[in-house]
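structure-v7.cif, holding mmCIF, C-alpha atoms:
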```cif
data_target
loop_
_atom_site.label_atom_id
_atom_site.label_comp_id
_atom_site.auth_asym_id
_atom_site.auth_seq_id
_atom_site.Cartn_x
_atom_site.Cartn_y
_atom_site.Cartn_z
CA MET A 1 -40.17 90.96 -71.39
CA ALA A 2 -38.65 89.03 -68.51
CA SER A 3 -35.31 88.74 -70.31
CA ARG A 4 -35.36 92.44 -71.18
CA THR A 5 -36.23 93.34 -67.61
CA LEU A 6 -33.42 91.15 -66.36
CA LEU A 7 -30.99 92.65 -68.88
CA PHE A 8 -31.91 96.24 -67.97
CA THR A 9 -31.67 95.46 -64.25
CA LYS A 10 -28.16 94.07 -64.76
CA ILE A 11 -27.21 97.14 -66.84
CA ILE A 12 -28.36 99.49 -64.06
CA ALA A 13 -26.38 97.50 -61.48
CA ALA A 14 -23.29 97.50 -63.69
CA ILE A 15 -23.58 101.26 -64.36
CA ALA A 16 -23.68 101.89 -60.59
CA GLN A 17 -20.69 99.61 -60.02
CA TYR A 18 -18.41 100.40 -62.94
CA LEU A 19 -19.19 103.84 -64.41
CA THR A 20 -18.06 106.91 -62.54
CA ALA A 21 -17.74 109.45 -65.34
CA ALA A 22 -19.91 110.55 -68.25
CA ILE A 23 -19.74 108.47 -71.41
CA LEU A 24 -20.50 109.35 -75.02
CA LEU A 25 -23.44 107.47 -76.63
CA ALA A 26 -24.74 108.32 -80.13
CA GLY A 27 -22.99 111.66 -79.98
CA LYS A 28 -24.43 112.56 -76.56
CA SER A 29 -22.61 112.77 -73.31
CA LEU A 30 -24.46 110.93 -70.55
CA THR A 31 -23.66 110.79 -66.87
CA PRO A 32 -23.99 107.44 -65.14
CA GLN A 33 -27.15 108.73 -63.43
CA ALA A 34 -28.71 109.85 -66.75
CA LEU A 35 -27.82 106.56 -68.42
CA SER A 36 -29.23 104.61 -65.50
CA ALA A 37 -32.41 106.75 -65.61
CA ILE A 38 -33.06 105.65 -69.22
CA PHE A 39 -33.20 102.00 -68.22
CA GLN A 40 -34.95 102.74 -64.93
CA ALA A 41 -37.72 104.60 -66.84
CA TYR A 42 -38.44 101.47 -68.86
CA LEU A 43 -38.47 99.25 -65.78
CA GLN A 44 -40.85 101.61 -63.98
CA ALA A 45 -43.16 101.83 -67.03
CA GLU A 46 -43.21 98.03 -67.26
CA LYS A 47 -44.02 97.77 -63.54
CA ASN A 48 -46.85 100.31 -63.91
CA LEU A 49 -48.20 98.44 -66.94
CA ASP A 50 -48.22 95.13 -65.04
CA ALA A 51 -50.09 96.78 -62.16
CA ALA A 52 -52.60 98.28 -64.60
CA ARG A 53 -53.09 94.87 -66.25
CA GLN A 54 -53.81 93.34 -62.86
CA GLN A 55 -56.32 96.09 -62.14
CA VAL A 56 -57.99 95.60 -65.52
CA THR A 57 -58.17 91.84 -64.94
CA ALA A 58 -59.75 92.38 -61.52
CA MET A 59 -62.20 94.90 -62.98
CA MET A 60 -63.13 92.52 -65.80
CA GLN A 61 -63.74 89.72 -63.30
CA ALA A 62 -65.97 92.02 -61.22
CA ARG A 63 -67.82 93.09 -64.36
CA ASP A 64 -68.30 89.49 -65.48
CA ALA A 65 -69.66 88.49 -62.06
CA ALA A 66 -72.08 91.44 -62.10
CA LEU A 67 -73.14 90.57 -65.66
CA ALA A 68 -73.81 86.95 -64.71
CA ALA A 69 -76.03 88.09 -61.83
CA ALA A 70 -77.88 90.57 -64.05
CA ASP A 71 -78.37 88.02 -66.84
CA ALA A 72 -79.73 85.53 -64.32
CA ALA A 73 -82.27 88.07 -63.04
CA VAL A 74 -83.68 89.07 -66.45
CA PRO A 75 -85.91 86.02 -67.15
CA ASP A 76 -87.55 86.19 -63.72
CA LEU A 77 -87.97 89.96 -63.97
CA ARG A 78 -89.55 89.57 -67.41
CA LYS A 79 -92.01 86.97 -66.08
CA GLN A 80 -92.85 89.14 -63.08
CA MET A 81 -93.46 92.24 -65.20
CA ALA A 82 -95.51 90.25 -67.72
CA SER A 83 -97.74 88.85 -65.01
CA ALA A 84 -98.06 92.17 -63.19
CA PHE A 85 -98.60 94.48 -66.16
CA GLY A 86 -99.17 92.27 -69.22
CA GLU A 87 -96.91 91.86 -72.22
CA GLN A 88 -98.71 94.56 -74.20
CA SER A 89 -98.40 97.27 -71.53
CA THR A 90 -96.26 100.37 -71.78
CA THR A 91 -94.86 99.58 -68.32
CA TYR A 92 -93.59 96.24 -69.60
CA ALA A 93 -92.05 98.01 -72.59
CA ALA A 94 -90.46 100.63 -70.29
CA PHE A 95 -88.31 97.83 -68.84
CA GLY A 96 -86.93 97.26 -72.34
CA PHE A 97 -88.80 94.03 -72.99
CA PRO A 98 -90.27 93.59 -76.46
CA VAL A 99 -94.01 94.14 -76.53
CA THR A 100 -95.95 91.50 -78.40
CA GLN A 101 -98.54 93.11 -80.61
CA LYS A 102 -101.15 91.49 -82.78
CA ALA A 103 -100.81 92.46 -86.39
CA GLU A 104 -103.70 94.59 -87.62
CA LEU A 105 -105.38 92.83 -90.54
CA THR A 106 -106.52 94.68 -93.61
CA ALA A 107 -110.03 94.20 -94.95
CA ASP A 108 -108.66 92.03 -97.76
CA GLN A 109 -106.80 89.82 -95.29
CA LYS A 110 -109.92 89.43 -93.15
CA ALA A 111 -111.99 88.52 -96.23
CA ALA A 112 -109.37 86.00 -97.37
CA ARG A 113 -109.33 84.37 -93.93
CA ALA A 114 -113.13 84.19 -93.85
CA ALA A 115 -113.24 82.64 -97.35
CA LYS A 116 -110.59 80.10 -96.41
CA ALA A 117 -112.47 79.17 -93.22
CA LYS A 118 -115.72 78.79 -95.18
CA ALA A 119 -114.02 76.58 -97.79
CA THR A 120 -112.44 74.45 -95.08
CA ARG A 121 -115.76 74.08 -93.29
CA ALA A 122 -117.46 73.06 -96.57
CA ALA A 123 -114.72 70.53 -97.33
CA HIS A 124 -115.04 69.00 -93.87
CA GLU A 125 -118.82 68.79 -94.21
CA ALA A 126 -118.49 67.13 -97.62
CA ALA A 127 -116.00 64.64 -96.20
CA LEU A 128 -118.36 63.84 -93.33
CA GLU A 129 -121.27 63.35 -95.76
CA ALA A 130 -119.15 60.97 -97.84
CA VAL A 131 -118.22 58.98 -94.75
CA ASP A 132 -121.88 58.86 -93.67
CA ALA A 133 -122.98 57.73 -97.17
CA HIS A 134 -120.34 55.01 -97.22
CA ALA A 135 -121.40 53.83 -93.77
CA ALA A 136 -125.06 53.80 -94.90
CA GLN A 137 -124.18 51.69 -97.96
CA GLN A 138 -122.30 49.22 -95.79
CA ALA A 139 -125.19 48.98 -93.34
CA ALA A 140 -127.95 48.61 -96.01
CA PRO A 141 -126.95 45.17 -97.44
CA ALA A 142 -126.62 43.77 -93.94
CA ALA A 143 -130.20 44.77 -93.18
CA GLN A 144 -131.56 42.87 -96.26
CA VAL A 145 -130.18 39.49 -95.19
CA PRO A 146 -133.11 37.29 -94.04
CA PRO A 147 -133.00 36.22 -90.46
CA ALA A 148 -131.93 32.70 -89.82
CA THR A 149 -134.82 30.31 -89.09
CA PRO A 150 -134.48 28.10 -86.09
CA PRO A 151 -134.53 24.35 -86.76
CA ALA A 152 -137.84 22.58 -86.36
CA PRO A 153 -138.46 21.02 -82.98
CA LYS A 154 -138.10 17.24 -82.80
CA SER A 155 -141.02 15.28 -81.59
#
```

Would it be possible to restate this file's structure as structure tokens?
Amino acid sequence: MASRTLLFTKIIAAIAQYLTAAILLAGKSLTPQALSAIFQAYLQAEKNLDAARQQVTAMMQARDAALAAADAAVPDLRKQMASAFGEQSTTYAAFGFPVTQKAELTADQKAARAAKAKATRAAHEAALEAVDAHAAQQAAPAAQVPPATPPAPKS
């Protein structure tokens, strides 16, 4: 781009300095002003494009700064709305935060959970009974050992 811009700038300067009459290019007759306008149009378009790129860059930087501020505010806003309205409320959901909902259990699921809890409770009770029985067996032989008799007093 820079070399093309430099080339076209030199061409425009040379046209102004050296061409005074129309010339024939690709079967068309062009005045020095018309020929110069062709190159000038490119240079102006390039200048406009550079200005637009700078504007876009500035706009993107402004957008990114605004996005960073907004992203930083979301966690605190979520906490505030959750504490003020609860995570299951429609107000909380209106802010676009996902509402946590408990899954509704079917009768079969409830029965399966109850059966599993009952089986777990029974297993724990059986384990406790086994531990108690083992402890009782360990304690029983110790109770059958005769007490030690003190030595007879010396006279």

For this session: Give me, please, the distance in Å between CA of Phe39 (chain A) and CA of Arg53 (chain A), quoted to one decimal.
Result: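 Value for the CA of Phe39 (chain A)-CA of Arg53 (chain A) distance: 21.2 Å.
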
Problem set entry | Residues returned when the PyMOL selection byres ((chain A and resi 35) around 12) runs on this file, as a PyMOL selection string | chain A and resi 8+11-16+19-25+28-34+36-42

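Rounded to one decimal, CA of Ala115 (chain A) and CA of Ala130 (chain A) lie 22.5 Å from each other.
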
Problem set entry | Residues matched by the PyMOL selection byres ((chain A and resi 100-111) around 12), written as a count of residues only | 18

For this session: Could you jot down the CA of Asp71 (chain A) to CA of Phe95 (chain A) separation for me, Å, one decimal place?
Result: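 Answer for the CA of Asp71 (chain A) to CA of Phe95 (chain A) separation: 14.1 Å.
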
Coordinates of box centre and edge lengths for region 15-22 of chain A, 5 Å on every side, axis-aligned, as AutoDock Vina command-line options:
```
--center_x -20.7 --center_y 105.1 --center_z -64.1 --size_x 15.9 --size_y 20.9 --size_z 18.2
```
